[in-house]
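Structure file model_23.cif; described as mmCIF, C-alpha atoms (C1' of nucleotides).
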```
data_model
loop_
_atom_site.label_atom_id
_atom_site.label_comp_id
_atom_site.auth_asym_id
_atom_site.auth_seq_id
_atom_site.Cartn_x
_atom_site.Cartn_y
_atom_site.Cartn_z
CA MET P 1 10.43 9.74 -46.19
CA SER P 2 7.60 12.05 -47.18
CA LYS P 3 8.24 15.73 -46.72
CA LEU P 4 7.67 17.29 -43.34
CA THR P 5 7.43 20.99 -42.63
CA LYS P 6 10.12 22.55 -40.50
CA ILE P 7 7.89 22.49 -37.43
CA GLU P 8 6.95 18.88 -38.04
CA GLU P 9 10.59 17.95 -38.26
CA LEU P 10 11.20 19.63 -34.92
CA ALA P 11 8.20 17.79 -33.48
CA ASP P 12 9.60 14.51 -34.70
CA ARG P 13 13.01 15.08 -33.22
CA LEU P 14 11.57 16.28 -29.94
CA HIS P 15 9.53 13.10 -29.70
CA SER P 16 12.44 10.86 -30.44
CA THR P 17 14.72 12.68 -28.00
CA ALA P 18 12.17 12.34 -25.21
CA ILE P 19 11.84 8.61 -25.86
CA HIS P 20 15.55 8.01 -25.74
CA LEU P 21 16.04 10.13 -22.66
CA LEU P 22 13.42 8.24 -20.70
CA ARG P 23 14.64 4.88 -21.89
CA GLN P 24 18.01 5.58 -20.31
CA VAL P 25 16.54 6.89 -17.09
CA ARG P 26 14.27 3.89 -16.68
CA VAL P 27 17.28 1.66 -16.22
CA GLN P 28 18.12 3.66 -13.09
CA ASP P 29 14.63 3.32 -11.72
CA ALA P 30 14.79 -0.45 -12.00
CA ALA P 31 17.33 -0.32 -9.16
CA SER P 32 14.63 0.82 -6.75
CA GLY P 33 13.10 -2.65 -6.88
CA LEU P 34 9.73 -1.08 -7.68
CA ALA P 35 7.95 -1.55 -10.99
CA PRO P 36 7.37 1.71 -12.92
CA ALA P 37 3.66 2.22 -12.30
CA ARG P 38 4.13 1.59 -8.57
CA LEU P 39 7.07 3.93 -8.39
CA SER P 40 5.14 6.63 -10.16
CA ALA P 41 2.04 6.31 -7.97
CA LEU P 42 4.16 6.32 -4.82
CA SER P 43 5.87 9.44 -6.04
CA VAL P 44 2.56 11.24 -6.41
CA LEU P 45 1.68 10.38 -2.82
CA VAL P 46 5.07 11.42 -1.47
CA PHE P 47 5.13 14.75 -3.28
CA GLY P 48 1.42 15.45 -3.46
CA GLY P 49 0.40 14.29 0.00
CA ALA P 50 -2.56 12.14 1.04
CA MET P 51 -5.41 11.68 -1.42
CA SER P 52 -8.22 9.33 -2.42
CA LEU P 53 -7.89 6.46 -4.84
CA ASN P 54 -9.87 8.25 -7.52
CA GLU P 55 -7.72 11.35 -7.25
CA LEU P 56 -4.59 9.27 -7.52
CA ALA P 57 -5.96 7.39 -10.53
CA ARG P 58 -6.86 10.66 -12.22
CA THR P 59 -3.43 12.13 -11.51
CA GLU P 60 -1.74 9.07 -12.95
CA GLN P 61 -4.14 8.99 -15.89
CA VAL P 62 -5.28 5.43 -15.30
CA ARG P 63 -8.68 3.94 -14.41
CA PRO P 64 -9.63 3.27 -10.80
CA PRO P 65 -9.41 -0.54 -11.08
CA THR P 66 -5.85 -0.24 -12.35
CA MET P 67 -4.92 2.02 -9.46
CA SER P 68 -6.69 -0.22 -6.98
CA ARG P 69 -4.32 -3.03 -7.85
CA ILE P 70 -1.23 -0.83 -7.78
CA VAL P 71 -2.27 0.42 -4.36
CA ASP P 72 -2.74 -3.19 -3.18
CA ALA P 73 0.86 -3.92 -4.08
CA LEU P 74 2.26 -0.78 -2.45
CA GLU P 75 0.26 -1.42 0.69
CA SER P 76 1.35 -5.03 0.98
CA GLU P 77 4.97 -3.87 0.81
CA GLY P 78 4.31 -1.35 3.56
CA LEU P 79 5.05 1.67 1.39
CA ILE P 80 1.66 3.31 1.73
CA ARG P 81 -1.24 3.31 4.20
CA ARG P 82 -4.89 2.95 3.18
CA THR P 83 -7.47 4.14 5.69
CA VAL P 84 -11.17 4.83 5.50
CA ASN P 85 -12.13 8.48 5.12
CA ARG P 86 -14.16 9.44 8.20
CA GLN P 87 -16.17 12.09 6.36
CA ASP P 88 -17.08 9.81 3.46
CA ARG P 89 -16.86 6.17 4.39
CA ARG P 90 -16.96 5.00 0.77
CA ALA P 91 -13.62 6.67 0.13
CA VAL P 92 -10.11 5.74 1.21
CA VAL P 93 -7.24 7.97 2.26
CA LEU P 94 -3.93 6.96 0.73
CA GLU P 95 -0.65 8.21 2.12
CA ALA P 96 2.98 7.23 1.92
CA THR P 97 4.57 5.60 4.97
CA LYS P 98 8.00 6.56 6.30
CA LYS P 99 9.41 3.55 4.49
CA GLY P 100 7.70 4.49 1.23
CA THR P 101 8.94 8.05 1.46
CA ALA P 102 12.50 6.93 2.15
CA ILE P 103 12.54 4.48 -0.76
CA LEU P 104 11.16 7.07 -3.11
CA TRP P 105 13.74 9.64 -2.16
CA GLN P 106 16.56 7.19 -2.67
CA GLY P 107 15.29 6.39 -6.16
CA ARG P 108 14.74 9.98 -7.05
CA LYS P 109 18.23 10.84 -5.91
CA ARG P 110 19.68 8.06 -8.03
CA ARG P 111 17.74 9.15 -11.10
CA VAL P 112 18.47 12.82 -10.71
CA LYS P 113 22.15 12.18 -10.10
CA PHE P 114 22.33 10.03 -13.20
CA LEU P 115 20.79 12.72 -15.37
CA ALA P 116 22.75 15.47 -13.65
CA LYS P 117 25.99 13.60 -14.29
CA HIS P 118 25.23 13.71 -18.00
CA LEU P 119 24.09 17.32 -17.95
CA SER P 120 27.24 18.34 -16.12
CA ARG P 121 29.22 17.47 -19.24
CA LEU P 122 27.60 20.42 -20.99
CA THR P 123 28.54 24.06 -20.86
CA GLU P 124 26.59 26.47 -18.69
CA GLU P 125 25.20 27.94 -21.89
CA GLU P 126 23.92 24.61 -23.17
CA ARG P 127 22.16 23.97 -19.89
CA LYS P 128 20.55 27.39 -20.12
CA LYS P 129 19.17 26.38 -23.51
CA ILE P 130 17.63 23.26 -22.03
CA GLU P 131 16.15 25.35 -19.26
CA ASP P 132 14.54 27.71 -21.78
CA ALA P 133 13.34 24.84 -23.94
CA ILE P 134 11.61 23.22 -20.98
CA LYS P 135 9.67 26.41 -20.39
CA ALA P 136 8.72 26.62 -24.06
CA ILE P 137 7.63 22.98 -24.19
CA GLN P 138 5.50 23.38 -21.11
CA LYS P 139 3.90 26.42 -22.64
CA ALA P 140 3.27 24.62 -25.92
CA MET P 141 1.76 21.54 -24.31
CA ALA P 142 -0.29 23.30 -21.66
CA ARG P 143 -4.04 22.61 -21.61
CA GLN P 144 -5.58 24.91 -24.15
CA SER P 145 -8.86 26.25 -25.40
CA MET A 1 12.12 18.38 -0.31
CA SER A 2 15.81 17.87 0.33
CA LYS A 3 18.12 20.30 -1.38
CA LEU A 4 19.13 19.68 -4.96
CA THR A 5 21.94 21.40 -6.79
CA LYS A 6 21.04 23.63 -9.68
CA ILE A 7 21.96 20.93 -12.19
CA GLU A 8 19.97 18.33 -10.31
CA GLU A 9 16.96 20.60 -10.37
CA LEU A 10 17.29 20.95 -14.12
CA ALA A 11 17.64 17.18 -14.44
CA ASP A 12 14.47 16.72 -12.44
CA ARG A 13 12.46 19.15 -14.53
CA LEU A 14 13.79 17.71 -17.75
CA HIS A 15 12.69 14.26 -16.64
CA SER A 16 9.25 15.39 -15.68
CA THR A 17 8.76 17.36 -18.89
CA ALA A 18 9.73 14.36 -21.01
CA ILE A 19 7.25 12.14 -19.16
CA HIS A 20 4.39 14.54 -19.63
CA LEU A 21 5.19 15.14 -23.28
CA LEU A 22 5.17 11.45 -24.10
CA ARG A 23 2.05 10.80 -22.09
CA GLN A 24 0.16 13.22 -24.32
CA VAL A 25 1.62 11.83 -27.50
CA ARG A 26 0.73 8.26 -26.55
CA VAL A 27 -2.95 9.16 -26.71
CA GLN A 28 -2.48 9.93 -30.41
CA ASP A 29 -0.73 6.66 -31.05
CA ALA A 30 -3.66 4.74 -29.62
CA ALA A 31 -5.64 5.87 -32.66
CA SER A 32 -3.48 3.68 -34.90
CA GLY A 33 -5.17 0.63 -33.38
CA LEU A 34 -1.73 -0.84 -32.68
CA ALA A 35 -0.41 -1.42 -29.16
CA PRO A 36 2.75 0.55 -28.34
CA ALA A 37 5.34 -2.21 -28.54
CA ARG A 38 3.96 -3.36 -31.89
CA LEU A 39 3.89 0.14 -33.26
CA SER A 40 7.46 0.70 -32.20
CA ALA A 41 8.74 -2.56 -33.68
CA LEU A 42 6.92 -1.91 -36.94
CA SER A 43 8.46 1.52 -37.07
CA VAL A 44 11.96 0.06 -36.83
CA LEU A 45 11.22 -2.24 -39.77
CA VAL A 46 9.70 0.53 -41.86
CA PHE A 47 12.53 2.99 -41.27
CA GLY A 48 15.39 0.56 -40.76
CA GLY A 49 14.53 -1.97 -43.46
CA ALA A 50 14.56 -5.78 -43.30
CA MET A 51 16.37 -7.44 -40.41
CA SER A 52 16.47 -10.60 -38.31
CA LEU A 53 14.46 -11.15 -35.16
CA ASN A 54 17.51 -10.87 -32.93
CA GLU A 55 18.53 -7.59 -34.52
CA LEU A 56 15.05 -6.21 -34.07
CA ALA A 57 14.96 -7.35 -30.46
CA ARG A 58 18.30 -5.71 -29.79
CA THR A 59 17.21 -2.48 -31.46
CA GLU A 60 14.05 -2.40 -29.38
CA GLN A 61 15.96 -3.35 -26.25
CA VAL A 62 13.84 -6.39 -25.47
CA ARG A 63 14.63 -10.12 -25.28
CA PRO A 64 14.08 -12.37 -28.28
CA PRO A 65 11.05 -14.20 -26.82
CA THR A 66 9.33 -10.85 -26.27
CA MET A 67 10.00 -9.83 -29.85
CA SER A 68 8.95 -13.21 -31.16
CA ARG A 69 5.48 -12.64 -29.80
CA ILE A 70 5.24 -9.06 -31.04
CA VAL A 71 6.27 -10.28 -34.48
CA ASP A 72 3.59 -13.00 -34.33
CA ALA A 73 0.96 -10.33 -33.80
CA LEU A 74 2.25 -8.05 -36.56
CA GLU A 75 2.45 -10.95 -38.96
CA SER A 76 -1.05 -12.18 -38.24
CA GLU A 77 -2.37 -8.69 -38.98
CA GLY A 78 -0.50 -8.70 -42.27
CA LEU A 79 1.74 -5.78 -41.34
CA ILE A 80 5.05 -7.60 -41.69
CA ARG A 81 6.41 -10.61 -43.56
CA ARG A 82 8.56 -13.31 -41.95
CA THR A 83 10.64 -15.44 -44.30
CA VAL A 84 13.48 -17.90 -43.76
CA ASN A 85 16.95 -16.54 -44.44
CA ARG A 86 18.44 -18.60 -47.31
CA GLN A 87 22.01 -18.14 -46.11
CA ASP A 88 21.27 -19.18 -42.54
CA ARG A 89 18.15 -21.26 -42.27
CA ARG A 90 17.91 -20.79 -38.48
CA ALA A 91 17.29 -17.09 -38.99
CA VAL A 92 14.26 -15.21 -40.24
CA VAL A 93 14.04 -12.08 -42.37
CA LEU A 94 11.48 -9.59 -41.12
CA GLU A 95 10.17 -6.81 -43.31
CA ALA A 96 7.21 -4.47 -43.34
CA THR A 97 4.45 -5.10 -45.90
CA LYS A 98 2.85 -2.33 -47.94
CA LYS A 99 -0.04 -2.34 -45.50
CA GLY A 100 2.30 -2.11 -42.52
CA THR A 101 4.23 0.74 -44.07
CA ALA A 102 1.05 2.65 -44.86
CA ILE A 103 -0.37 2.26 -41.37
CA LEU A 104 2.85 3.36 -39.81
CA TRP A 105 3.06 6.49 -41.92
CA GLN A 106 -0.49 7.44 -41.08
CA GLY A 107 0.26 7.12 -37.36
CA ARG A 108 3.48 9.02 -37.60
CA LYS A 109 1.74 11.79 -39.48
CA ARG A 110 -0.95 12.00 -36.83
CA ARG A 111 1.57 12.13 -34.00
CA VAL A 112 3.82 14.64 -35.67
CA LYS A 113 0.90 16.87 -36.58
CA PHE A 114 -0.37 16.77 -33.02
CA LEU A 115 2.98 17.85 -31.63
CA ALA A 116 3.52 20.36 -34.42
CA LYS A 117 0.13 21.92 -33.72
CA HIS A 118 1.26 22.62 -30.17
CA LEU A 119 4.69 23.83 -31.19
CA SER A 120 3.14 26.20 -33.71
CA ARG A 121 1.69 28.17 -30.81
CA LEU A 122 5.20 29.24 -29.88
CA THR A 123 7.32 32.00 -31.32
CA GLU A 124 10.04 31.24 -33.81
CA GLU A 125 12.53 32.09 -31.08
CA GLU A 126 11.06 29.62 -28.64
CA ARG A 127 11.21 26.86 -31.22
CA LYS A 128 14.85 27.72 -31.86
CA LYS A 129 15.50 27.19 -28.16
CA ILE A 130 13.92 23.74 -28.30
CA GLU A 131 16.01 22.95 -31.34
CA ASP A 132 19.19 23.91 -29.50
CA ALA A 133 18.15 22.05 -26.39
CA ILE A 134 17.61 18.85 -28.36
CA LYS A 135 21.16 19.07 -29.64
CA ALA A 136 22.49 19.66 -26.14
CA ILE A 137 20.48 16.78 -24.68
CA GLN A 138 21.69 14.42 -27.37
CA LYS A 139 25.25 15.49 -26.66
CA ALA A 140 24.79 15.01 -22.93
CA MET A 141 23.20 11.58 -23.20
CA ALA A 142 25.48 10.19 -25.94
CA ARG A 143 27.32 6.97 -25.16
CA GLN A 144 30.42 7.90 -23.27
CA SER A 145 33.66 6.51 -21.83
"C1'" DC K 1 33.70 -36.50 -41.44
"C1'" DT K 2 31.56 -36.47 -37.17
"C1'" DG K 3 30.58 -35.35 -32.36
"C1'" DA K 4 30.41 -31.32 -29.46
"C1'" DT K 5 29.27 -26.67 -29.07
"C1'" DA K 6 27.21 -22.36 -30.32
"C1'" DT K 7 23.49 -19.68 -32.27
"C1'" DA K 8 18.55 -18.28 -34.00
"C1'" DG K 9 14.28 -18.62 -32.89
"C1'" DT K 10 10.19 -20.52 -30.48
"C1'" DT K 11 7.34 -22.26 -26.64
"C1'" DA K 12 5.80 -22.29 -21.91
"C1'" DG K 13 4.81 -20.02 -18.06
"C1'" DC K 14 5.14 -16.06 -14.76
"C1'" DA K 15 4.35 -10.96 -13.36
"C1'" DA K 16 3.00 -6.12 -14.13
"C1'" DG K 17 -0.10 -3.01 -15.68
"C1'" DG K 18 -3.63 -1.39 -18.89
"C1'" DC K 19 -8.81 -1.88 -19.85
"C1'" DT K 20 -14.28 -2.73 -19.31
"C1'" DA K 21 -18.20 -4.71 -16.89
"C1'" DA K 22 -20.30 -5.90 -12.81
"C1'" DT K 23 -20.65 -5.66 -7.78
"C1'" DT K 24 -20.79 -3.63 -3.03
"C1'" DA K 25 -21.38 -0.09 0.18
"C1'" DA K 26 -22.15 4.54 1.39
"C1'" DA K 27 -23.85 9.17 0.40
"C1'" DA K 28 -26.89 12.37 -1.65
"C1'" DT K 29 -31.29 13.58 -3.52
"C1'" DG K 30 -36.19 14.14 -4.52
"C1'" DC T 1 -37.50 6.56 2.52
"C1'" DA T 2 -36.77 4.90 -2.20
"C1'" DT T 3 -33.80 6.05 -5.93
"C1'" DT T 4 -29.80 7.54 -7.92
"C1'" DT T 5 -25.06 8.65 -7.74
"C1'" DT T 6 -20.45 7.86 -6.27
"C1'" DA T 7 -16.04 5.38 -4.38
"C1'" DA T 8 -13.86 1.50 -4.51
"C1'" DT T 9 -13.24 -3.32 -5.49
"C1'" DT T 10 -13.50 -7.80 -7.98
"C1'" DA T 11 -13.37 -10.56 -12.07
"C1'" DG T 12 -11.60 -11.35 -16.25
"C1'" DC T 13 -9.46 -9.96 -20.49
"C1'" DC T 14 -5.14 -8.28 -23.35
"C1'" DT T 15 -0.33 -6.66 -24.01
"C1'" DT T 16 4.33 -6.78 -22.94
"C1'" DG T 17 8.21 -7.63 -20.11
"C1'" DC T 18 11.09 -11.66 -18.27
"C1'" DT T 19 13.67 -16.54 -17.68
"C1'" DA T 20 14.09 -21.42 -18.64
"C1'" DA T 21 13.86 -24.97 -21.69
"C1'" DC T 22 13.49 -26.70 -26.28
"C1'" DT T 23 14.25 -27.37 -31.59
"C1'" DA T 24 16.77 -26.80 -35.60
"C1'" DT T 25 20.66 -25.34 -37.92
"C1'" DA T 26 25.50 -23.93 -38.29
"C1'" DT T 27 30.23 -24.11 -36.89
"C1'" DC T 28 34.35 -26.03 -35.17
"C1'" DA T 29 37.86 -29.43 -33.20
"C1'" DG T 30 39.89 -33.53 -33.65
#
```
Would you kindly transcribe this structure into structure tokens?
Amino acid sequence: MSKLTKIEELADRLHSTAIHLLRQVRVQDAASGLAPARLSALSVLVFGGAMSLNELARTEQVRPPTMSRIVDALESEGLIRRTVNRQDRRAVVLEATKKGTAILWQGRKRRVKFLAKHLSRLTEEERKKIEDAIKAIQKAMARQS
Amino acid sequence: MSKLTKIEELADRLHSTAIHLLRQVRVQDAASGLAPARLSALSVLVFGGAMSLNELARTEQVRPPTMSRIVDALESEGLIRRTVNRQDRRAVVLEATKKGTAILWQGRKRRVKFLAKHLSRLTEEERKKIEDAIKAIQKAMARQS
DNA sequence: CTGATATAGTTAGCAAGGCTAATTAAAATG
DNA sequence: CATTTTAATTAGCCTTGCTAACTATATCAG
């Protein structure tokens, strides 16, 4: 190990903790029957409402061709609807169907309950610390100058 | 939105924060020129020392055939060495080469510096909160009964 | 000691999800 | 109204997951 500053050490541990946290949560998401990228895109449509393919791709930080294929899969499973935008007929309007919304909520509930079950083993004070840390992390990582 | 308990809300925000944090870090890792699974496997060998393919697969939580292919790629780039175990000639011994170790350290340095740069914009107190939260999260997520 | 079984790793082949380049169709612009 | 820009798709590549089936070696029971 080379020497790291105190802040770098914190950065390293934060990174590693985030990885391990998500690794455990992902197991829960597998139960939804939806692959991760599809689940994530569907979630954006359920919580963010109808949008175009380009917007969805941008939100998910992938290229349009990648999103096009994900959307194909979600549509063929009846989880989203793809219609032509009347104002701009090049564009599509993507929105979650009832079925898609229901499936997403079930998965979200499962994931949140799993995490909450673990968090409930902590003291109120420890949870407060996590709460504060989340705010600090968001501040630190926010888009900057 | 259906109603979530206070703990479930925290769980949800924690999840979302972890996702966004790692998404930003992943951009840094791309600069190493190594794909994520390869980078991660190499990192286990650099920090964990020599081990067999099955051990490495277990550590990385993937199946042996998946690891076999990742190891092929790392070997052909000269980042790891694969030798036959003398005690058990079915098994292989995997270890990072000098080149592999150097590349990994560069990438780690880049990633840690990136995160540290963001964290340095916080107050000492805010960083202390993150520090405490990491401990709490690790406690919460630890293998349990 | 030897035949059966177990174990380590690889190979083959499938699916998901990332990308770039090229194409199609519609809109906007000069 | 011809040109350029934009939205989305298609084609084709790579990486990374998986299971099933195989090879080679080690272990164990009789």
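The space between atom CA of Gly107 of chain A and atom CA of Val92 of chain A spans 26.5 Å.
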Fill in: Residues within 12 Å of DA4 of chain K, all atoms listed in the file, excluding chain neighbours under 6 positions, as a PyMOL selection string
chain T and resi 27-30
Worksheet item: Got a sec to pull out which chain P residues are within 10 Å of chain K, counting all atoms listed in the file, and send them as an MDAnalysis selection string?
Response: chainID P and resid 35:38 62:63 65:67 69:70 88:91
Residues just named, written with C-alpha atoms as a CSV table (one decimal), keeping the file's coordinate frame:
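Dumped everything to again.csv:
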```
chain,number,residue,atom,x,y,z
P,35,ALA,CA,8.0,-1.6,-11.0
P,36,PRO,CA,7.4,1.7,-12.9
P,37,ALA,CA,3.7,2.2,-12.3
P,38,ARG,CA,4.1,1.6,-8.6
P,62,VAL,CA,-5.3,5.4,-15.3
P,63,ARG,CA,-8.7,3.9,-14.4
P,65,PRO,CA,-9.4,-0.5,-11.1
P,66,THR,CA,-5.8,-0.2,-12.4
P,67,MET,CA,-4.9,2.0,-9.5
P,69,ARG,CA,-4.3,-3.0,-7.8
P,70,ILE,CA,-1.2,-0.8,-7.8
P,88,ASP,CA,-17.1,9.8,3.5
P,89,ARG,CA,-16.9,6.2,4.4
P,90,ARG,CA,-17.0,5.0,0.8
P,91,ALA,CA,-13.6,6.7,0.1
```
Worksheet item: Selected by the PyMOL selection byres ((chain P and resi 105) around 12) in the shown coordinates: which residues, as a PyMOL selection string?
Response: (chain P and resi 29+32+39+42-43+46-47+96+98-104+106-113) or (chain A and resi 1-4)
Practice prompt. I need the residue set behind the PyMOL selection byres ((chain T) within 9 of (chain P)) for this file; please write it as a PyMOL selection string.
Written response: chain T and resi 6-10
Fill in: Among listed residues A:His20, A:Lys129, A:Lys117, A:Arg81, nearest chain P (using all atoms listed in the file)
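Among A:His20, A:Lys129, A:Lys117, A:Arg81, it is A:Lys129 that comes nearest to chain P.
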Item to complete: Take atom CA of Leu122 of chain P and atom CA of Ala142 of chain P and report the distance between them in Å, one decimal.
Response: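 Answer for the atom CA of Leu122 of chain P to atom CA of Ala142 of chain P separation: 28.0 Å.
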Name the residues captured by the PyMOL selection byres ((chain A) within 8 of (chain P)) when it is applied to the shown file; answer as a CSV table (one decimal) with C-alpha atoms, keeping the file's coordinate frame.
```csv
chain,number,residue,atom,x,y,z
A,7,ILE,CA,22.0,20.9,-12.2
A,8,GLU,CA,20.0,18.3,-10.3
A,9,GLU,CA,17.0,20.6,-10.4
A,10,LEU,CA,17.3,21.0,-14.1
A,11,ALA,CA,17.6,17.2,-14.4
A,12,ASP,CA,14.5,16.7,-12.4
A,13,ARG,CA,12.5,19.2,-14.5
A,14,LEU,CA,13.8,17.7,-17.8
A,15,HIS,CA,12.7,14.3,-16.6
A,17,THR,CA,8.8,17.4,-18.9
A,18,ALA,CA,9.7,14.4,-21.0
A,19,ILE,CA,7.2,12.1,-19.2
A,21,LEU,CA,5.2,15.1,-23.3
A,22,LEU,CA,5.2,11.4,-24.1
A,112,VAL,CA,3.8,14.6,-35.7
A,113,LYS,CA,0.9,16.9,-36.6
A,115,LEU,CA,3.0,17.8,-31.6
A,116,ALA,CA,3.5,20.4,-34.4
A,118,HIS,CA,1.3,22.6,-30.2
A,119,LEU,CA,4.7,23.8,-31.2
A,120,SER,CA,3.1,26.2,-33.7
A,121,ARG,CA,1.7,28.2,-30.8
A,122,LEU,CA,5.2,29.2,-29.9
A,126,GLU,CA,11.1,29.6,-28.6
A,127,ARG,CA,11.2,26.9,-31.2
A,129,LYS,CA,15.5,27.2,-28.2
A,130,ILE,CA,13.9,23.7,-28.3
A,131,GLU,CA,16.0,23.0,-31.3
A,132,ASP,CA,19.2,23.9,-29.5
A,133,ALA,CA,18.2,22.0,-26.4
A,134,ILE,CA,17.6,18.8,-28.4
A,136,ALA,CA,22.5,19.7,-26.1
A,137,ILE,CA,20.5,16.8,-24.7
A,138,GLN,CA,21.7,14.4,-27.4
A,139,LYS,CA,25.2,15.5,-26.7
A,140,ALA,CA,24.8,15.0,-22.9
A,141,MET,CA,23.2,11.6,-23.2
```
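When atom C1' of DT15 of chain T is paired with atom CA of Leu34 of chain A, their separation reads 10.5 Å.
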